[in-house]
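A.B. asks: Structure incoming, see below.
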Amino acid sequence: MSRLFASMLFVAFIHAGVPAFASSAAPFDPAAHKLQAGRINEVMVLGTPHLSQLPKLFDPAHLSALNARLLEWKPQAIAIEALSGLQCAYLRSYPQRYAETIKLYCWNPAAAQAATGLDVVAATVQAQRLLAAWPAAPSAAQRRKLASLFLAGGERASALVQWLRLPAGERRAGDGLDENLAGMLNTLLQRRGEDYLIAAVVAAKSGHEQVHAMDDHTADAPGEDELAEKAYGEALMMAWDNPVAAQRKRISDELGAALTTPAAVLEMYRAHNAPAMAEMAFRGDFGAALAEPSPQHFGRKYVAYWETRNLRMASNIRELMMARPGRRVLVVVGASHKAYLEAYLQQMHDVRIVGTDDILRQGD
């Protein structure tokens with residue numbers, strides 16, 4: 001009966017003709033149809049250089065002014081450019097394709113799994129259950145337990161959030177953390193990376209229990225053979241040997257060489273988050289790759305990978321808003337990703353992009 005009704009409705013629709021509004025020449029634009037009632041999700045994308053690559057003169061203490069500005073914005077969730085433990089578990093199940101990706105981007109949680117007796121999936125499930133019933137004032141033992149589960153689940157930055165929320169005297173082994181894991185967390189306190197020195201610090205000071213890994217490397221794929229891999233790399237290096245890329249590197253090097261004060265760090269972030277730098281990234285990198293002339297279309301394959309990765313990152317960020325609509329989400333990501341993520345997320349009906357100009361402003 002329902003099939004007959006559907007068929008009759010379809011026939012009636014066809015004979016009724018196409019509605020007048022459907023004849024408009026303007027293409028459908030999702031960004032033109034924003035949420036009309038309720039608080040829209042707000043996303044701020046902070047483009048960052050990778051702190052591990054900054055000159056040795058860079059003192060992490062000089063991030064104080066930047067982190068204070070980020071705290072002023074009052075983010076309710078923080079997403080980071082890291083692979084989740086669950087994605088790394090998937091990649092490990094497919095080493096024929098992802099062996100190099102695993103080596104470069106996936107931390108090995110074996111020590112934490114040995115201490116807890118839990119694999120990535122089991123640890124993730126237990127962490128989610130703990131958080132679902134998380135008290136307003138958790139004990140130090142509960143925080144150590146959650147930190148151990150985050151480590152076993154491959155989520156080091158979230159484990160560090162729990163470590164930072166503990167009083168210094170409670171940062172010790174116990175409740176799932178052995179001496180090795182406790183030492184590992186203490187080492188992460190000093191690790192030169194934006195996930196730890198910016199995202200985890202701001203998350204802990206904002207009262208969050210975790211950060212959210214949103215990177216995606218499922219589009220990674222090795223070349224057909226060693227010769228093809230070598231030719232691919234050579235073609236891209238030739239594409240990147242251009243005046244715009246050289247200028248961009250000079251600017252980054254000059255900014256990095258001046259990182260002697262918190263004000264200089266803010267200046268570096270202002271530069272990396274400026275629209276002009278995004279345009280230079282395209283012209284020196286992705287645009288140059290598109291124009292790369294190899295018959296194998298190496299540059300176009302690289303850009304396809306880059307766009308796919310950013311789209312999947314954007315979808316992970318969007319998913320983060322699903323459980324609690326109306327959130328303020330801070331995204332801490334490599335500067336080259338910033339403009340792409342903003343453009344893709346701006347298309348979403350329930351997302352408003354918040355620029356970084358105000359928090360990176362000059363002066364007090």
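Quick note on naming: the chains in the structure tokens go A, B, ... in the order shown, residues restart at 1 in each chain, and ligands are numbered from 1 in order of appearance.
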Taking the chain letters and numbering used in this document, name the residues of stretch 31-186 of chain A that DSSP puts in strand (DSSP E), as number ranges by chain.
C.D. replies: A: 41-48, 77-80
A.B. asks: Just the residues within 9 Å of A:Gly193, please, counting only C-alpha atoms, with nothing from its chain fewer than 5 positions along; format it as a short mmCIF file (atom, residue, chain, number, x, y, z; two decimals) with N, CA, C and O atoms, in the first residue's frame.
C.D. replies:
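Written file, part-v3.cif:
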```cif
data_model
loop_
_atom_site.label_atom_id
_atom_site.label_comp_id
_atom_site.auth_asym_id
_atom_site.auth_seq_id
_atom_site.Cartn_x
_atom_site.Cartn_y
_atom_site.Cartn_z
N HIS A 50 54.62 24.57 13.47
CA HIS A 50 54.84 23.42 14.35
C HIS A 50 55.96 23.77 15.32
O HIS A 50 57.10 24.02 14.92
N LEU A 51 55.63 23.84 16.59
CA LEU A 51 56.57 24.35 17.59
C LEU A 51 57.83 23.51 17.69
O LEU A 51 58.89 24.01 18.05
N SER A 52 57.73 22.24 17.35
CA SER A 52 58.92 21.38 17.39
C SER A 52 59.96 21.79 16.37
O SER A 52 61.14 21.41 16.48
N GLN A 53 59.56 22.59 15.38
CA GLN A 53 60.47 23.00 14.32
C GLN A 53 61.01 24.42 14.50
O GLN A 53 61.77 24.90 13.67
N ILE A 198 50.05 24.44 23.91
CA ILE A 198 48.92 25.36 23.70
C ILE A 198 47.60 24.66 24.01
O ILE A 198 46.92 25.00 24.96
#
```
A.B. asks: Please provide as a PyMOL selection string all residues within 10 Å of stretch 66-77 of chain A, with the sequence filter that same-chain residues fewer than 3 positions apart are discarded (counting only C-alpha atoms).
C.D. replies: chain A and resi 42-44+46+62-63+197-199+201-203+205-212+262-263+265-267+269+320-321+324+326-331+356+358-361+364
A.B. asks: Pick the closest to A:Ala257 from A:Ala122, A:Pro55, A:Ala99, A:Asn41: which is it, counting only C-alpha atoms?
C.D. replies: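 So, comparing all the options, the nearest one is A:Pro55.
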A.B. asks: Show me a table, sorted first by chain and then by increasing residue number, of the residues of stretch 23-133 of chain A having an atom at most 12 Å from stretch 137-145 of chain A, each with its shortest atom pair and the distance in Å to one decimal, counting only C-alpha atoms and written as JSON lines.
C.D. replies:
```
{"residue": "A:Ala112", "atom": "CA", "partner": "A:Lys145", "partner_atom": "CA", "distance": 11.5}
{"residue": "A:Ala115", "atom": "CA", "partner": "A:Lys145", "partner_atom": "CA", "distance": 11.3}
{"residue": "A:Thr116", "atom": "CA", "partner": "A:Lys145", "partner_atom": "CA", "distance": 9.4}
{"residue": "A:Ala123", "atom": "CA", "partner": "A:Lys145", "partner_atom": "CA", "distance": 10.7}
{"residue": "A:Gln126", "atom": "CA", "partner": "A:Lys145", "partner_atom": "CA", "distance": 10.2}
{"residue": "A:Ala127", "atom": "CA", "partner": "A:Lys145", "partner_atom": "CA", "distance": 8.9}
{"residue": "A:Leu130", "atom": "CA", "partner": "A:Gln142", "partner_atom": "CA", "distance": 8.9}
{"residue": "A:Leu131", "atom": "CA", "partner": "A:Gln142", "partner_atom": "CA", "distance": 10.4}
{"residue": "A:Ala133", "atom": "CA", "partner": "A:Pro138", "partner_atom": "CA", "distance": 10.4}
```
A.B. asks: Show which residues sit within 9 Å of A:Val332, as a tab-separated table (two decimals) with C-alpha atoms, in the first residue's frame. Count only C-alpha atoms, and ignore same-chain residues fewer than 6 positions away.
C.D. replies:
```tsv
chain	number	residue	atom	x	y	z
A	44	MET	CA	38.02	29.69	15.70
A	45	VAL	CA	40.89	28.20	13.70
A	46	LEU	CA	44.31	29.13	15.04
A	47	GLY	CA	46.99	28.49	12.43
A	48	THR	CA	50.30	27.64	14.04
A	78	ILE	CA	39.54	22.18	21.55
A	79	ALA	CA	40.46	20.18	18.46
A	80	ILE	CA	44.05	19.37	17.55
A	81	GLU	CA	45.98	18.24	14.49
A	194	GLU	CA	51.35	22.89	20.01
A	195	ASP	CA	49.14	19.99	21.14
A	198	ILE	CA	48.92	25.36	23.70
A	199	ALA	CA	45.91	23.05	23.33
A	338	LYS	CA	43.70	27.19	8.38
```
A.B. asks: One number please: atom CA of A:Gly284 to atom CA of A:Glu100, in Å, one decimal.
C.D. replies: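 One can read the atom CA of A:Gly284 to atom CA of A:Glu100 distance as 25.8 Å.
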A.B. asks: Using only C-alpha atoms, which residue out of A:Phe150, A:Phe58, A:Trp163, A:Tyr302 lies closest to A:Thr187?
C.D. replies: A:Trp163
A.B. asks: In Å to one decimal, how far is atom CA of A:Arg318 from atom CA of A:Val351?
C.D. replies: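 These two atoms are separated by 8.3 Å.
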A.B. asks: Using only C-alpha atoms, can you tell me which of A:Gly334, A:Pro325, A:Gly117, A:Gly256 comes closest to A:Arg39?
C.D. replies: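 Ranked by minimum distance to A:Arg39, first place goes to A:Pro325.
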A.B. asks: Return the single residue from A:Gln87, A:Asn310, A:Ser158, A:Thr101 that is closest to A:Leu341, with distances computed using only C-alpha atoms.
C.D. replies: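 For A:Leu341, the nearest of the given residues is A:Asn310.
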